[in-house]
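What follows is work18.txt (compact mmCIF, C-alpha atoms).
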```txt
# COMPACT_ATOMS: atom_id res chain seq x y z
CA MET A 824 19.36 -10.36 -50.47
CA SER A 825 22.90 -10.99 -49.21
CA LYS A 826 23.66 -12.48 -45.83
CA THR A 827 25.17 -9.12 -44.89
CA GLY A 828 21.90 -7.40 -45.77
CA VAL A 829 19.89 -9.89 -43.73
CA ALA A 830 22.23 -9.37 -40.79
CA SER A 831 21.89 -5.60 -41.10
CA LEU A 832 18.09 -5.79 -41.12
CA SER A 833 18.18 -8.08 -38.09
CA ALA A 834 20.37 -5.61 -36.25
CA ILE A 835 18.00 -2.76 -37.14
CA ALA A 836 15.02 -4.79 -35.95
CA PHE A 837 16.79 -5.55 -32.68
CA VAL A 838 17.60 -1.89 -32.07
CA ALA A 839 14.01 -0.89 -32.81
CA ALA A 840 12.69 -3.50 -30.42
CA ALA A 841 15.11 -2.37 -27.73
CA GLY A 842 14.03 1.24 -28.24
CA ALA A 843 10.37 0.26 -27.94
CA ALA A 844 11.10 -1.57 -24.70
CA GLN A 845 12.95 1.42 -23.27
CA ALA A 846 10.03 3.67 -24.15
CA GLN A 847 7.57 1.50 -22.18
CA THR A 848 5.59 3.64 -19.70
CA ILE A 849 3.68 2.21 -16.75
CA ALA A 850 1.28 4.18 -14.53
CA PHE A 851 2.01 3.59 -10.84
CA LEU A 852 -0.89 4.48 -8.55
CA THR A 853 -0.47 4.88 -4.82
CA GLU A 854 -1.99 6.51 -1.73
CA GLN A 855 -0.98 8.40 1.40
CA ASN A 856 0.41 5.60 3.55
CA PRO A 857 3.68 6.66 5.20
CA PRO A 858 6.39 5.49 5.52
CA PHE A 859 5.76 3.30 2.47
CA ASN A 860 4.21 5.82 0.08
CA PHE A 861 3.17 9.44 0.51
CA ALA A 862 3.38 12.88 -1.08
CA GLN A 863 6.37 15.05 -0.28
CA GLY A 864 6.79 18.40 -2.00
CA GLY A 865 4.08 17.42 -4.46
CA LYS A 866 5.91 14.25 -5.48
CA PRO A 867 5.56 10.60 -4.39
CA ALA A 868 8.06 9.52 -1.74
CA GLY A 869 8.55 6.77 0.84
CA ILE A 870 10.23 3.39 1.22
CA SER A 871 8.09 1.60 -1.37
CA THR A 872 8.35 4.51 -3.80
CA ASP A 873 12.15 4.37 -3.61
CA ILE A 874 12.04 0.64 -4.29
CA VAL A 875 9.63 1.06 -7.23
CA ASN A 876 11.85 3.77 -8.72
CA GLU A 877 14.90 1.50 -8.50
CA MET A 878 12.85 -1.37 -9.96
CA ASN A 879 11.85 0.81 -12.92
CA LYS A 880 15.43 1.94 -13.47
CA ARG A 881 16.70 -1.62 -13.62
CA ALA A 882 13.86 -2.75 -15.86
CA GLY A 883 14.23 0.18 -18.27
CA VAL A 884 10.63 1.24 -17.62
CA THR A 885 9.36 4.80 -17.29
CA GLY A 886 7.06 5.25 -14.29
CA ARG A 887 4.22 7.79 -14.29
CA PHE A 888 3.12 8.24 -10.67
CA GLU A 889 -0.25 9.34 -9.27
CA ILE A 890 -1.30 9.69 -5.61
CA LEU A 891 -5.03 8.98 -5.29
CA PRO A 892 -7.68 7.91 -2.76
CA TRP A 893 -7.24 4.18 -2.28
CA ASP A 894 -10.65 3.05 -3.54
CA GLY A 895 -10.28 4.77 -6.94
CA ALA A 896 -6.69 3.62 -7.36
CA PHE A 897 -7.63 0.04 -6.51
CA ARG A 898 -10.37 -0.02 -9.14
CA ARG A 899 -8.23 1.56 -11.86
CA ALA A 900 -5.43 -0.92 -11.27
CA GLN A 901 -7.81 -3.77 -12.04
CA THR A 902 -8.94 -2.43 -15.40
CA ASP A 903 -6.58 0.16 -16.90
CA LYS A 904 -3.90 -0.79 -19.38
CA ASP A 905 -0.26 -0.71 -18.19
CA THR A 906 -1.22 0.29 -14.64
CA CYS A 907 0.13 -0.91 -11.29
CA LEU A 908 -0.81 -0.20 -7.67
CA TYR A 909 1.45 -0.13 -4.60
CA SER A 910 1.90 -0.91 -1.71
CA THR A 911 -0.72 -3.66 -1.81
CA ALA A 912 -1.44 -6.60 0.48
CA ARG A 913 -1.72 -9.87 -1.45
CA LEU A 914 -4.89 -11.36 -0.02
CA GLU A 915 -6.54 -14.55 -1.26
CA ASN A 916 -9.62 -12.75 -2.60
CA ARG A 917 -7.39 -10.40 -4.60
CA GLU A 918 -5.09 -13.02 -6.11
CA LYS A 919 -6.83 -13.23 -9.50
CA LEU A 920 -7.53 -9.50 -9.79
CA PHE A 921 -3.90 -8.54 -10.43
CA ARG A 922 -0.48 -9.68 -11.57
CA TRP A 923 1.83 -9.51 -8.57
CA ILE A 924 5.39 -8.24 -8.16
CA GLY A 925 7.24 -8.53 -4.87
CA PRO A 926 7.07 -8.49 -1.97
CA ILE A 927 8.58 -5.02 -1.65
CA ALA A 928 7.83 -4.26 2.03
CA THR A 929 6.21 -5.55 5.22
CA ASN A 930 3.64 -3.76 7.35
CA LYS A 931 2.08 -4.40 10.76
CA TRP A 932 -1.62 -3.69 11.21
CA VAL A 933 -2.92 -2.42 14.52
CA LEU A 934 -6.11 -1.34 16.24
CA ILE A 935 -6.00 2.24 17.50
CA ALA A 936 -8.18 3.75 20.24
CA ARG A 937 -8.48 7.02 22.13
CA LYS A 938 -5.88 7.49 24.84
CA ASP A 939 -8.63 7.13 27.47
CA PHE A 940 -9.96 3.83 26.04
CA THR A 941 -10.49 1.43 28.97
CA GLY A 942 -11.45 -1.73 27.10
CA THR A 943 -9.26 -4.83 27.01
CA ILE A 944 -8.35 -6.50 23.73
CA LYS A 945 -6.18 -9.56 24.23
CA SER A 946 -7.28 -11.40 21.08
CA ASP A 947 -8.89 -10.66 17.73
CA ALA A 948 -12.20 -12.00 19.04
CA ASP A 949 -12.26 -9.31 21.74
CA ALA A 950 -12.49 -6.64 19.01
CA ARG A 951 -15.76 -7.97 17.58
CA LYS A 952 -17.95 -6.03 20.01
CA TYR A 953 -16.49 -2.65 19.01
CA LYS A 954 -17.24 -0.33 16.08
CA ILE A 955 -14.13 -0.20 13.91
CA GLY A 956 -13.21 2.46 11.35
CA ALA A 957 -11.41 1.47 8.15
CA VAL A 958 -10.76 2.72 4.62
CA LYS A 959 -13.14 1.52 1.92
CA THR A 960 -11.80 -1.56 -0.02
CA ASP A 961 -8.62 -1.49 2.08
CA ALA A 962 -6.90 -4.80 2.80
CA LYS A 963 -7.04 -4.24 6.54
CA ALA A 964 -10.84 -4.20 6.48
CA GLU A 965 -10.90 -7.38 4.39
CA PHE A 966 -8.40 -8.97 6.77
CA LEU A 967 -10.63 -8.23 9.77
CA ARG A 968 -13.73 -9.60 8.05
CA ALA A 969 -11.85 -12.83 7.36
CA LYS A 970 -11.40 -13.09 11.14
CA ALA A 971 -15.16 -12.66 11.65
CA ILE A 972 -14.73 -9.07 12.80
CA THR A 973 -17.50 -7.45 10.81
CA ASN A 974 -18.61 -4.37 12.79
CA ILE A 975 -16.67 -2.17 10.35
CA PHE A 976 -17.54 1.37 9.26
CA GLU A 977 -15.74 2.50 6.11
CA SER A 978 -14.50 5.94 5.04
CA ASP A 979 -13.15 7.17 1.70
CA SER A 980 -9.79 8.12 3.21
CA GLU A 981 -7.87 7.41 6.41
CA ALA A 982 -7.72 11.11 7.25
CA GLN A 983 -11.49 11.00 7.87
CA ILE A 984 -11.28 8.27 10.51
CA PRO A 985 -9.46 9.62 13.64
CA PRO A 986 -12.04 12.40 14.34
CA LYS A 987 -14.76 9.74 14.50
CA LEU A 988 -13.12 8.32 17.63
CA PHE A 989 -13.86 11.61 19.39
CA LEU A 990 -17.50 12.16 18.44
CA ARG A 991 -20.20 12.16 21.12
CA LYS A 992 -21.18 8.71 22.35
CA ASP A 993 -24.68 9.09 20.94
CA ASP A 994 -23.43 10.08 17.46
CA PRO A 995 -24.10 7.18 15.03
CA ALA A 996 -20.86 7.98 13.18
CA ARG A 997 -18.71 7.49 16.29
CA ILE A 998 -16.32 4.53 16.30
CA ASP A 999 -14.45 2.78 19.13
CA LEU A 1000 -11.40 1.58 17.22
CA TRP A 1001 -9.51 2.34 14.03
CA VAL A 1002 -7.52 -0.22 12.04
CA SER A 1003 -4.33 1.28 10.61
CA GLY A 1004 -0.67 0.65 9.89
CA LEU A 1005 1.77 0.70 12.80
CA TYR A 1006 4.15 3.05 11.00
CA SER A 1007 1.54 5.43 9.63
CA TYR A 1008 -1.22 5.88 12.21
CA ARG A 1009 0.60 8.51 14.26
CA THR A 1010 1.17 10.77 11.24
CA VAL A 1011 -2.48 10.45 10.18
CA ALA A 1012 -3.73 11.15 13.72
CA ASP A 1013 -1.45 14.16 14.16
CA LYS A 1014 -2.62 15.71 10.90
CA ALA A 1015 -6.27 15.13 11.83
CA ARG A 1016 -5.71 16.96 15.15
CA ALA A 1017 -8.54 14.96 16.67
CA GLY A 1018 -6.93 13.98 19.98
CA SER A 1019 -4.49 11.56 21.60
CA VAL A 1020 -4.59 7.91 20.51
CA LYS A 1021 -2.82 4.65 21.34
CA VAL A 1022 -2.24 1.15 19.96
CA VAL A 1023 -4.42 -1.43 21.73
CA HIS A 1024 -3.88 -4.57 19.62
CA VAL A 1025 -1.75 -5.92 16.76
CA VAL A 1026 -4.03 -7.76 14.33
CA GLY A 1027 -1.51 -8.96 11.78
CA GLU A 1028 1.59 -8.56 9.67
CA GLN A 1029 1.37 -8.45 5.88
CA GLU A 1030 3.87 -8.40 3.05
CA LEU A 1031 3.20 -5.64 0.53
CA TYR A 1032 3.42 -5.95 -3.25
CA VAL A 1033 3.10 -4.09 -6.52
CA ALA A 1034 -0.26 -5.18 -8.00
CA CYS A 1035 -0.51 -4.76 -11.77
CA SER A 1036 -3.52 -4.78 -14.05
CA PRO A 1037 -3.98 -7.96 -16.12
CA ARG A 1038 -3.71 -5.58 -19.10
CA THR A 1039 -0.15 -4.63 -18.24
CA SER A 1040 2.45 -5.30 -20.94
CA ASP A 1041 3.80 -8.82 -20.49
CA SER A 1042 7.36 -7.82 -21.40
CA ALA A 1043 7.35 -4.87 -18.97
CA PHE A 1044 5.84 -6.99 -16.20
CA LYS A 1045 8.50 -9.68 -16.57
CA LYS A 1046 11.31 -7.12 -16.51
CA LEU A 1047 9.86 -5.41 -13.43
CA ASP A 1048 9.44 -8.72 -11.62
CA ALA A 1049 12.98 -9.80 -12.47
CA ALA A 1050 14.30 -6.45 -11.24
CA VAL A 1051 12.58 -6.83 -7.86
CA GLN A 1052 13.84 -10.37 -7.37
CA ALA A 1053 17.38 -9.22 -8.20
CA MET A 1054 17.05 -6.38 -5.67
CA ARG A 1055 16.00 -8.83 -2.98
CA LYS A 1056 18.97 -11.09 -3.73
CA ASP A 1057 21.69 -8.42 -3.95
CA GLY A 1058 20.61 -6.65 -0.76
CA SER A 1059 19.65 -3.36 -2.38
CA MET A 1060 16.00 -3.68 -1.29
CA ALA A 1061 17.03 -4.17 2.33
CA LYS A 1062 19.36 -1.18 2.04
CA LEU A 1063 16.64 1.08 0.61
CA THR A 1064 14.24 -0.08 3.35
CA ALA A 1065 16.74 0.70 6.11
CA GLU A 1066 17.53 4.12 4.62
CA GLY A 1067 13.82 4.91 4.26
CA GLU A 1068 13.00 3.91 7.82
CA LYS A 1069 15.88 6.01 9.15
CA SER A 1070 14.81 9.03 7.09
CA PHE A 1071 11.17 8.69 8.20
CA ALA A 1072 12.11 8.34 11.87
CA SER A 1073 14.35 11.42 11.61
CA ALA A 1074 11.60 13.49 10.00
CA LYS A 1075 9.08 12.49 12.71
CA SER A 1076 11.46 13.51 15.49
CA LYS A 1077 11.83 17.07 14.18
```
Show how you would write the structure in this file as structure tokens.
Amino acid sequence: MSKTGVASLSAIAFVAAAGAAQAQTIAFLTEQNPPFNFAQGGKPAGISTDIVNEMNKRAGVTGRFEILPWDGAFRRAQTDKDTCLYSTARLENREKLFRWIGPIATNKWVLIARKDFTGTIKSDADARKYKIGAVKTDAKAEFLRAKAITNIFESDSEAQIPPKLFLRKDDPARIDLWVSGLYSYRTVADKARAGSVKVVHVVGEQELYVACSPRTSDSAFKKLDAAVQAMRKDGSMAKLTAEGEKSFASAKSK
């Protein structure tokens, strides 16, 4: 075969490979956790969703999004092929479960109580005597347990938690506190229509990541990771975050 023929075949092979890369599809699983990720008009929205969409665009990856209860999404992201989960706290006990991209956002975690709560919580240790509601397998529950706060009662979704603050005192399902995100708790509480609540303690601040299954395509993962790092460096991630926060604050005020 001539050198020209070899060159032509090489060019064809390169084009085919490029086409295969462009056709790469990754499933992105997420939950209702505004302002980072939530459903709007039947589609995923939020600060983190905007960042993931831009990440995919730069990486040449097609994203297939699903909004699911956190526990199921968390399990699928550990085992399913070409599957990623966001926005996810990168805790030590999770490090080897996923391949990590980010960080893409930062969240503050707080303890919420009824408006008429009269207890005093000046430190994490003060929360140990109270019954605390949390979402099953959620990072916030794991974070509290690492601080020796273990009186935790888990629910399948965050929407189920606020009403438990307002149950009768003798109801075994009643809780005293609820661990949630600073930016999201108000929306969840308002939708639950359980009653007035307030922040009583900030328990921590965590960077949030995209957590991908170990079975995720290596080439796609590297491109996605490179895209996120480029977004952090060129300021586009900060811009998307600021725009998302402004949009979320505007929507809440209406």
Near-A:Ala1015 list (9 Å; all atoms listed in the file; drop same-chain fewer than 6 positions) as a list in words: Ala982, Gln983, Ile984, Pro985 and Pro986 of chain A
Top pick for closest residue to A:Thr872, considering A:Leu852, A:Leu1047, A:Val884, A:Ala948 and counting only C-alpha atoms: A:Leu852
A:Thr911 environment, 10 Å, all atoms listed in the file, sequence neighbours closer than 6 positions dropped, as a PyMOL selection string: chain A and resi 853+897+917+923-928+961-962+1029-1034
With distances taken over only C-alpha atoms, which residue among A:Arg1055, A:Arg899, A:Lys866, A:Lys987 lies nearest A:Arg887? A:Lys866
Excluding same-chain residues fewer than 6 positions from A:Ala996, what lies within 9 Å of it counting only C-alpha atoms, as an mmCIF file with C-alpha atoms, in the coordinates of the input?
```
data_model
loop_
_atom_site.group_PDB
_atom_site.id
_atom_site.type_symbol
_atom_site.label_atom_id
_atom_site.label_comp_id
_atom_site.auth_asym_id
_atom_site.auth_seq_id
_atom_site.Cartn_x
_atom_site.Cartn_y
_atom_site.Cartn_z
ATOM 1 C CA PHE A 976 -17.540 1.370 9.260
ATOM 2 C CA LYS A 987 -14.760 9.740 14.500
ATOM 3 C CA LEU A 988 -13.120 8.320 17.630
ATOM 4 C CA LEU A 990 -17.500 12.160 18.440
#
```
So that each row is one residue of stretch 945-1028 of chain A with an atom at most 12 Å from stretch 854-857 of chain A, can you give its shortest atom pair and the distance in Å to one decimal, using all atoms listed in the file, rows by chain and rising number, as a tab-separated table?
```
residue	atom	partner	partner_atom	distance
A:Val958	CA	A:Glu854	CA	11.5
A:Asp961	CA	A:Glu854	CA	11.1
A:Asp979	CA	A:Glu854	CA	11.7
A:Ser980	CA	A:Gln855	CA	9.0
A:Glu981	CA	A:Gln855	CA	8.6
A:Ala982	CA	A:Gln855	CA	9.3
A:Ser1003	CA	A:Asn856	CA	9.5
A:Gly1004	CA	A:Asn856	CA	8.1
A:Leu1005	CA	A:Pro857	CA	9.8
A:Tyr1006	CA	A:Pro857	CA	6.8
A:Ser1007	CA	A:Pro857	CA	5.1
A:Tyr1008	CA	A:Pro857	CA	8.6
A:Arg1009	CA	A:Pro857	CA	9.7
A:Thr1010	CA	A:Pro857	CA	7.7
A:Val1011	CA	A:Asn856	CA	8.7
```
